[in-house]
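Notes follow once the structure below has been shown.
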Amino acid sequence: MSDTWMVRAGQGSRYFENFRDEKIVAIGWRAVGDLKQFETRKKLAERVKSVYPDYTEQMAMVAAGQLYRFANEIKIGDRIVTYDGRARSYLGGIVMGECVHQPNQEIEGLTNRRDVRWEIERSRDDLGPSAQYSLGAILTLFHVPPLVSAELWQDAKTKQPPSSTIPTSKETPLADVIARELPPTLAGATYSQIAEQAAERIKDRIAALNWDQMQELVAGLLRAMGYITQVSPPGSDRSRDVVASPDGFGFQEPRIVVEVKHRPRERMGAPELRTFIGGRKPHENGLYVSTGGFTKEAYYEAERATIPLTLLDFEQLVSAVLESYTKFDERTKQLLPLAPIYWPL
């Protein structure tokens, strides 16, 4: 049976479109050179340490392990998965070629690549909590468990594992339980890698909110930023889910009118933007929140808007929530309970 591998498309999924459009996956550490010239992981680790002297021994070993797997352990015919964080979707395909070093066709330092035939696309929200947890590993490249692969491809009946909630007791400190659940390579991860995965888990929580709760979360975000809000009751709201202003009545500037679209699998397009803009008055500022993101046409429509208008996609919403979370009122924190983690810089 073929193996399945996750190859991440860079921090923030920045190379996802390159992977999809060029039908490839690629890996970084450009200074290492052609991966096929190294016969063992040890030699690869020595090379990584020599070209990246700031790496610790463990960081060099972790990087070398991923590079060696990419070049040697991934086989033609294996399944490959990559992730688009903005659309919250996984792209799956079949490896069609050996690892090739192509410095003249690099994508910002990703010089070693493999050809892929893309076959499937699955929303993260379609997957169970166990699959989401497995696919949230921090490494650039890792092996995907068979049950998770089957769930992605929907080619086998998979029994949903028990809840991924970590059990605790008075005898077992929570920190010790978490430490056992974390992958052994966590110490070699960077702060940005861990922060990115934390943001993805937070997006999972937000995606699970219903529409009313999402509306309240956005209103709570605006209150944390210093505004007084009015949330529209259920029913026709004339593209005005939340109204925010310094005085709460809209007499003082700025008056912000918010439309909230909680459809994680649907991008908002130009027609939706035109409807929203058409209902605004000259003195109003528009904020359009879409957990499914926006089409290119929608962004173009926003640039042509006759009123100040901001589009907020899922990534930007999470960033804004994290930036203002300490100022959230208790009602909003109950919608999205988070705990701080302190990290040495």
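Simple scheme: letters A, B, ... for chains in structure tokens order, numbers from 1 for residues in each chain, numbers from 1 for ligands in the order shown.
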Inset, instruction - Find the residues around Phe249 in chain A up to 9 Å (only C-alpha atoms counted), leave out those fewer than 5 positions away in its own chain, and share them as a ChimeraX atom specification. - result: /A:228-230,243-244,255
Written selection (N, CA and C atoms) as a PDB file, in the first residue's frame:
ATOM      1  N   ILE A 228     -18.756  51.033  20.536  1.00  0.00           N
ATOM      2  CA  ILE A 228     -20.003  50.532  21.110  1.00  0.00           C
ATOM      3  C   ILE A 228     -20.805  49.951  19.956  1.00  0.00           C
ATOM      4  N   THR A 229     -21.362  48.764  20.149  1.00  0.00           N
ATOM      5  CA  THR A 229     -21.974  48.062  19.024  1.00  0.00           C
ATOM      6  C   THR A 229     -23.463  47.831  19.215  1.00  0.00           C
ATOM      7  N   GLN A 230     -24.130  47.714  18.092  1.00  0.00           N
ATOM      8  CA  GLN A 230     -25.521  47.273  18.034  1.00  0.00           C
ATOM      9  C   GLN A 230     -25.587  46.098  17.069  1.00  0.00           C
ATOM     10  N   VAL A 243     -23.630  47.365  13.767  1.00  0.00           N
ATOM     11  CA  VAL A 243     -23.308  48.785  13.597  1.00  0.00           C
ATOM     12  C   VAL A 243     -22.455  49.208  14.789  1.00  0.00           C
ATOM     13  N   ALA A 244     -21.333  49.838  14.505  1.00  0.00           N
ATOM     14  CA  ALA A 244     -20.413  50.250  15.570  1.00  0.00           C
ATOM     15  C   ALA A 244     -20.079  51.726  15.419  1.00  0.00           C
ATOM     16  N   ARG A 255     -18.792  55.843  11.842  1.00  0.00           N
ATOM     17  CA  ARG A 255     -19.910  54.908  11.923  1.00  0.00           C
ATOM     18  C   ARG A 255     -19.564  53.726  11.017  1.00  0.00           C
TER      19      ARG A 255
END
Against range 60-73 of chain A, which residues of range 29-51 of chain A fall within 7 Å? For each one I want the closest pair of atoms and the distance in Å (one decimal), counting only C-alpha atoms, rows by chain and increasing residue number, as a Markdown table.
| residue | atom | partner | partner_atom | distance |
| --- | --- | --- | --- | --- |
| A:Leu35 | CA | A:Ala71 | CA | 6.2 |
| A:Lys36 | CA | A:Ala71 | CA | 6.5 |
| A:Arg41 | CA | A:Ala64 | CA | 6.0 |
| A:Leu44 | CA | A:Ala64 | CA | 5.4 |
| A:Ala45 | CA | A:Ala64 | CA | 4.9 |
| A:Val48 | CA | A:Ala60 | CA | 5.7 |
| A:Lys49 | CA | A:Ala60 | CA | 5.6 |
Inset, instruction - Find the residues around range 303-305 of chain A up to 12 Å (only C-alpha atoms counted), leave out those fewer than 4 positions away in its own chain, and share them as a ChimeraX atom specification. - result: /A:270,273-282,284-287,296-299,309-311
Expected file contents, prior selection, N, CA and C atoms, as a PDB file, in the first residue's frame:
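result.pdb, written as the output of this step:
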ATOM      1  N   ALA A 270     -18.088  39.647  -6.395  1.00  0.00           N
ATOM      2  CA  ALA A 270     -18.424  41.031  -6.697  1.00  0.00           C
ATOM      3  C   ALA A 270     -19.914  41.345  -6.512  1.00  0.00           C
ATOM      4  N   LEU A 273     -20.599  42.095  -2.904  1.00  0.00           N
ATOM      5  CA  LEU A 273     -19.995  43.382  -2.517  1.00  0.00           C
ATOM      6  C   LEU A 273     -20.815  44.558  -3.038  1.00  0.00           C
ATOM      7  N   ARG A 274     -21.298  44.448  -4.272  1.00  0.00           N
ATOM      8  CA  ARG A 274     -22.095  45.543  -4.838  1.00  0.00           C
ATOM      9  C   ARG A 274     -23.387  45.746  -4.051  1.00  0.00           C
ATOM     10  N   THR A 275     -24.007  44.647  -3.639  1.00  0.00           N
ATOM     11  CA  THR A 275     -25.226  44.757  -2.834  1.00  0.00           C
ATOM     12  C   THR A 275     -24.945  45.472  -1.519  1.00  0.00           C
ATOM     13  N   PHE A 276     -23.838  45.086  -0.867  1.00  0.00           N
ATOM     14  CA  PHE A 276     -23.468  45.709   0.407  1.00  0.00           C
ATOM     15  C   PHE A 276     -23.153  47.188   0.226  1.00  0.00           C
ATOM     16  N   ILE A 277     -22.362  47.519  -0.770  1.00  0.00           N
ATOM     17  CA  ILE A 277     -21.972  48.917  -1.005  1.00  0.00           C
ATOM     18  C   ILE A 277     -23.194  49.764  -1.373  1.00  0.00           C
ATOM     19  N   GLY A 278     -24.093  49.171  -2.176  1.00  0.00           N
ATOM     20  CA  GLY A 278     -25.273  49.918  -2.613  1.00  0.00           C
ATOM     21  C   GLY A 278     -26.195  50.302  -1.471  1.00  0.00           C
ATOM     22  N   GLY A 279     -26.153  49.564  -0.360  1.00  0.00           N
ATOM     23  CA  GLY A 279     -27.018  49.880   0.775  1.00  0.00           C
ATOM     24  C   GLY A 279     -26.410  50.847   1.763  1.00  0.00           C
ATOM     25  N   ARG A 280     -25.201  51.319   1.496  1.00  0.00           N
ATOM     26  CA  ARG A 280     -24.513  52.208   2.442  1.00  0.00           C
ATOM     27  C   ARG A 280     -24.782  53.682   2.116  1.00  0.00           C
ATOM     28  N   LYS A 281     -24.727  54.503   3.171  1.00  0.00           N
ATOM     29  CA  LYS A 281     -24.857  55.942   3.025  1.00  0.00           C
ATOM     30  C   LYS A 281     -23.474  56.575   2.949  1.00  0.00           C
ATOM     31  N   PRO A 282     -23.377  57.785   2.403  1.00  0.00           N
ATOM     32  CA  PRO A 282     -22.061  58.398   2.182  1.00  0.00           C
ATOM     33  C   PRO A 282     -21.211  58.531   3.444  1.00  0.00           C
ATOM     34  N   GLU A 284     -21.082  56.460   5.972  1.00  0.00           N
ATOM     35  CA  GLU A 284     -20.822  55.176   6.614  1.00  0.00           C
ATOM     36  C   GLU A 284     -19.533  54.536   6.092  1.00  0.00           C
ATOM     37  N   ASN A 285     -18.866  53.810   6.982  1.00  0.00           N
ATOM     38  CA  ASN A 285     -17.711  52.995   6.617  1.00  0.00           C
ATOM     39  C   ASN A 285     -18.137  51.532   6.606  1.00  0.00           C
ATOM     40  N   GLY A 286     -17.664  50.779   5.639  1.00  0.00           N
ATOM     41  CA  GLY A 286     -18.074  49.393   5.506  1.00  0.00           C
ATOM     42  C   GLY A 286     -16.998  48.417   5.957  1.00  0.00           C
ATOM     43  N   LEU A 287     -17.427  47.375   6.657  1.00  0.00           N
ATOM     44  CA  LEU A 287     -16.556  46.262   7.019  1.00  0.00           C
ATOM     45  C   LEU A 287     -17.276  44.980   6.613  1.00  0.00           C
ATOM     46  N   LYS A 296     -11.166  37.360  -6.533  1.00  0.00           N
ATOM     47  CA  LYS A 296     -10.385  38.491  -7.054  1.00  0.00           C
ATOM     48  C   LYS A 296     -11.305  39.620  -7.499  1.00  0.00           C
ATOM     49  N   GLU A 297     -12.450  39.255  -8.055  1.00  0.00           N
ATOM     50  CA  GLU A 297     -13.407  40.271  -8.504  1.00  0.00           C
ATOM     51  C   GLU A 297     -13.955  41.074  -7.335  1.00  0.00           C
ATOM     52  N   ALA A 298     -14.111  40.403  -6.187  1.00  0.00           N
ATOM     53  CA  ALA A 298     -14.606  41.106  -4.999  1.00  0.00           C
ATOM     54  C   ALA A 298     -13.590  42.150  -4.536  1.00  0.00           C
ATOM     55  N   TYR A 299     -12.306  41.785  -4.545  1.00  0.00           N
ATOM     56  CA  TYR A 299     -11.277  42.753  -4.149  1.00  0.00           C
ATOM     57  C   TYR A 299     -11.241  43.934  -5.117  1.00  0.00           C
ATOM     58  N   LEU A 309     -14.013  51.063   2.662  1.00  0.00           N
ATOM     59  CA  LEU A 309     -14.460  49.683   2.775  1.00  0.00           C
ATOM     60  C   LEU A 309     -13.273  48.763   3.070  1.00  0.00           C
ATOM     61  N   THR A 310     -13.418  47.896   4.068  1.00  0.00           N
ATOM     62  CA  THR A 310     -12.390  46.913   4.409  1.00  0.00           C
ATOM     63  C   THR A 310     -12.976  45.518   4.295  1.00  0.00           C
ATOM     64  N   LEU A 311     -12.233  44.633   3.622  1.00  0.00           N
ATOM     65  CA  LEU A 311     -12.613  43.226   3.530  1.00  0.00           C
ATOM     66  C   LEU A 311     -11.765  42.441   4.519  1.00  0.00           C
TER      67      LEU A 311
END
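Of the residues listed (A:Ala219, A:Val144, A:Ile341, A:Val260), A:Ala219 shows the shortest atom-to-atom separation from Gly248 in chain A; distances use only C-alpha atoms.
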Inset, instruction - If you run DSSP over the backbone, which residues in range 192-266 of chain A end up helix (DSSP H, G or I)? Put them as a PyMOL selection string. - result: chain A and resi 192-207+211-224
Range 12-70 of chain A residues near range 117-130 of chain A within 8 Å, closest pair each, using only C-alpha atoms, as CSV:
residue,atom,partner,partner_atom,distance
A:Arg20,CA,A:Trp118,CA,7.5
A:Lys23,CA,A:Arg117,CA,6.2
A:Ile24,CA,A:Arg117,CA,7.9
Please, could you write that set of residues out with C-alpha atoms as a compact mmCIF listing (two decimals), in the first residue's frame?
# COMPACT_ATOMS: atom_id res chain seq x y z
CA ARG A 20 -1.37 23.71 -7.45
CA LYS A 23 1.55 20.53 -10.34
CA ILE A 24 4.47 20.08 -7.96
Legend entry - Test item: residues at most 12 Å from Gly293 in chain A, only C-alpha atoms, excluding those fewer than 4 positions along its chain, as a list in words: Asp84, Gly85, Arg86, Ala87, Arg88, Val260, Lys261, His262, Arg263, Pro264, Arg265, Glu266, Arg267, Met268, Gly269, Tyr288, Val289, Glu297, Ala298, Tyr299, Leu311, Leu312, Asp313, Phe314, Glu315, Gln316 and Leu317 of chain A
Kindly export the residues of the current selection with N, CA and C atoms, as a PDB file, in the first residue's frame.
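Printed below is again.pdb as written:
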ATOM      1  N   ASP A  84      -4.097  24.756   1.953  1.00  0.00           N
ATOM      2  CA  ASP A  84      -4.340  26.178   1.716  1.00  0.00           C
ATOM      3  C   ASP A  84      -5.022  26.750   2.953  1.00  0.00           C
ATOM      4  N   GLY A  85      -4.262  27.479   3.774  1.00  0.00           N
ATOM      5  CA  GLY A  85      -4.792  27.991   5.028  1.00  0.00           C
ATOM      6  C   GLY A  85      -5.884  29.017   4.852  1.00  0.00           C
ATOM      7  N   ARG A  86      -5.857  29.786   3.768  1.00  0.00           N
ATOM      8  CA  ARG A  86      -6.893  30.819   3.586  1.00  0.00           C
ATOM      9  C   ARG A  86      -8.236  30.191   3.218  1.00  0.00           C
ATOM     10  N   ALA A  87      -8.211  29.208   2.344  1.00  0.00           N
ATOM     11  CA  ALA A  87      -9.457  28.530   1.955  1.00  0.00           C
ATOM     12  C   ALA A  87      -9.794  27.378   2.895  1.00  0.00           C
ATOM     13  N   ARG A  88      -8.854  27.039   3.823  1.00  0.00           N
ATOM     14  CA  ARG A  88      -9.034  25.917   4.749  1.00  0.00           C
ATOM     15  C   ARG A  88      -9.372  24.641   3.984  1.00  0.00           C
ATOM     16  N   VAL A 260     -21.579  40.258   8.013  1.00  0.00           N
ATOM     17  CA  VAL A 260     -20.872  39.047   8.434  1.00  0.00           C
ATOM     18  C   VAL A 260     -21.389  37.864   7.614  1.00  0.00           C
ATOM     19  N   LYS A 261     -20.505  37.232   6.858  1.00  0.00           N
ATOM     20  CA  LYS A 261     -20.840  36.033   6.101  1.00  0.00           C
ATOM     21  C   LYS A 261     -20.022  34.868   6.648  1.00  0.00           C
ATOM     22  N   HIS A 262     -20.697  33.974   7.359  1.00  0.00           N
ATOM     23  CA  HIS A 262     -20.020  32.829   7.969  1.00  0.00           C
ATOM     24  C   HIS A 262     -20.272  31.598   7.112  1.00  0.00           C
ATOM     25  N   ARG A 263     -19.563  31.551   5.990  1.00  0.00           N
ATOM     26  CA  ARG A 263     -19.668  30.432   5.057  1.00  0.00           C
ATOM     27  C   ARG A 263     -18.244  30.009   4.688  1.00  0.00           C
ATOM     28  N   PRO A 264     -17.598  29.200   5.521  1.00  0.00           N
ATOM     29  CA  PRO A 264     -16.184  28.879   5.329  1.00  0.00           C
ATOM     30  C   PRO A 264     -15.842  28.248   3.977  1.00  0.00           C
ATOM     31  N   ARG A 265     -16.824  27.676   3.292  1.00  0.00           N
ATOM     32  CA  ARG A 265     -16.532  27.015   2.010  1.00  0.00           C
ATOM     33  C   ARG A 265     -16.933  27.853   0.801  1.00  0.00           C
ATOM     34  N   GLU A 266     -17.340  29.092   1.025  1.00  0.00           N
ATOM     35  CA  GLU A 266     -17.855  29.911  -0.072  1.00  0.00           C
ATOM     36  C   GLU A 266     -17.196  31.288  -0.071  1.00  0.00           C
ATOM     37  N   ARG A 267     -16.522  31.602  -1.162  1.00  0.00           N
ATOM     38  CA  ARG A 267     -15.908  32.919  -1.306  1.00  0.00           C
ATOM     39  C   ARG A 267     -16.966  33.930  -1.747  1.00  0.00           C
ATOM     40  N   MET A 268     -16.937  35.098  -1.166  1.00  0.00           N
ATOM     41  CA  MET A 268     -17.848  36.156  -1.569  1.00  0.00           C
ATOM     42  C   MET A 268     -17.322  36.831  -2.837  1.00  0.00           C
ATOM     43  N   GLY A 269     -18.227  37.121  -3.749  1.00  0.00           N
ATOM     44  CA  GLY A 269     -17.832  37.697  -5.032  1.00  0.00           C
ATOM     45  C   GLY A 269     -18.276  39.135  -5.202  1.00  0.00           C
ATOM     46  N   TYR A 288     -16.665  44.228   5.703  1.00  0.00           N
ATOM     47  CA  TYR A 288     -17.278  43.001   5.205  1.00  0.00           C
ATOM     48  C   TYR A 288     -16.416  41.829   5.668  1.00  0.00           C
ATOM     49  N   VAL A 289     -17.001  40.966   6.528  1.00  0.00           N
ATOM     50  CA  VAL A 289     -16.284  39.826   7.095  1.00  0.00           C
ATOM     51  C   VAL A 289     -16.780  38.554   6.414  1.00  0.00           C
ATOM     52  N   GLU A 297     -12.450  39.255  -8.055  1.00  0.00           N
ATOM     53  CA  GLU A 297     -13.407  40.271  -8.504  1.00  0.00           C
ATOM     54  C   GLU A 297     -13.955  41.074  -7.335  1.00  0.00           C
ATOM     55  N   ALA A 298     -14.111  40.403  -6.187  1.00  0.00           N
ATOM     56  CA  ALA A 298     -14.606  41.106  -4.999  1.00  0.00           C
ATOM     57  C   ALA A 298     -13.590  42.150  -4.536  1.00  0.00           C
ATOM     58  N   TYR A 299     -12.306  41.785  -4.545  1.00  0.00           N
ATOM     59  CA  TYR A 299     -11.277  42.753  -4.149  1.00  0.00           C
ATOM     60  C   TYR A 299     -11.241  43.934  -5.117  1.00  0.00           C
ATOM     61  N   LEU A 311     -12.233  44.633   3.622  1.00  0.00           N
ATOM     62  CA  LEU A 311     -12.613  43.226   3.530  1.00  0.00           C
ATOM     63  C   LEU A 311     -11.765  42.441   4.519  1.00  0.00           C
ATOM     64  N   LEU A 312     -12.415  41.611   5.331  1.00  0.00           N
ATOM     65  CA  LEU A 312     -11.727  40.835   6.361  1.00  0.00           C
ATOM     66  C   LEU A 312     -11.975  39.353   6.106  1.00  0.00           C
ATOM     67  N   ASP A 313     -10.916  38.628   5.681  1.00  0.00           N
ATOM     68  CA  ASP A 313     -11.069  37.186   5.474  1.00  0.00           C
ATOM     69  C   ASP A 313     -10.750  36.438   6.760  1.00  0.00           C
ATOM     70  N   PHE A 314     -10.747  35.112   6.697  1.00  0.00           N
ATOM     71  CA  PHE A 314     -10.582  34.292   7.908  1.00  0.00           C
ATOM     72  C   PHE A 314      -9.229  34.544   8.574  1.00  0.00           C
ATOM     73  N   GLU A 315      -8.161  34.577   7.765  1.00  0.00           N
ATOM     74  CA  GLU A 315      -6.824  34.806   8.307  1.00  0.00           C
ATOM     75  C   GLU A 315      -6.759  36.143   9.036  1.00  0.00           C
ATOM     76  N   GLN A 316      -7.278  37.175   8.398  1.00  0.00           N
ATOM     77  CA  GLN A 316      -7.230  38.510   8.990  1.00  0.00           C
ATOM     78  C   GLN A 316      -8.113  38.612  10.228  1.00  0.00           C
ATOM     79  N   LEU A 317      -9.240  37.896  10.211  1.00  0.00           N
ATOM     80  CA  LEU A 317     -10.115  37.896  11.377  1.00  0.00           C
ATOM     81  C   LEU A 317      -9.400  37.287  12.578  1.00  0.00           C
TER      82      LEU A 317
END
Legend entry - Selected residue, from A:Thr82, A:Ser2, A:Gln37, A:Thr306, that lies nearest to Phe142 in chain A when counting only C-alpha atoms: A:Thr82
Inset, instruction - Please identify all polymer residues within 7 Å of Gly97 in chain A, counting only C-alpha atoms, omitting same-chain residues fewer than 2 positions from it, and present them as a VMD selection string. - result: chain A and resid 76 95 99 114 to 115
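Going from CA of Phe19 in chain A to CA of Leu139 in chain A covers 17.5 Å.
Going from CA of Tyr83 in chain A to CA of Ser134 in chain A covers 13.0 Å.
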Legend entry - Interatomic distance, CA of Lys203 in chain A to CA of Glu259 in chain A (Å, one decimal): 19.2 Å
Legend entry - Which of A:Gly136, A:Asp204, A:Leu209, A:Ser324 sits closest to Met225 in chain A [using only C-alpha atoms]: A:Ser324
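Closest to Tyr342 in chain A among A:Ala26, A:Ala195, A:Ala9, A:Ile107 is A:Ala195, based on only C-alpha atoms.
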Inset, instruction - Return as number ranges by chain the full set of residues in range 34-166 of chain A whose backbone-based DSSP assignment is strand (DSSP E). - result: A: 79-84, 89-95, 100-101, 112-123, 141-143
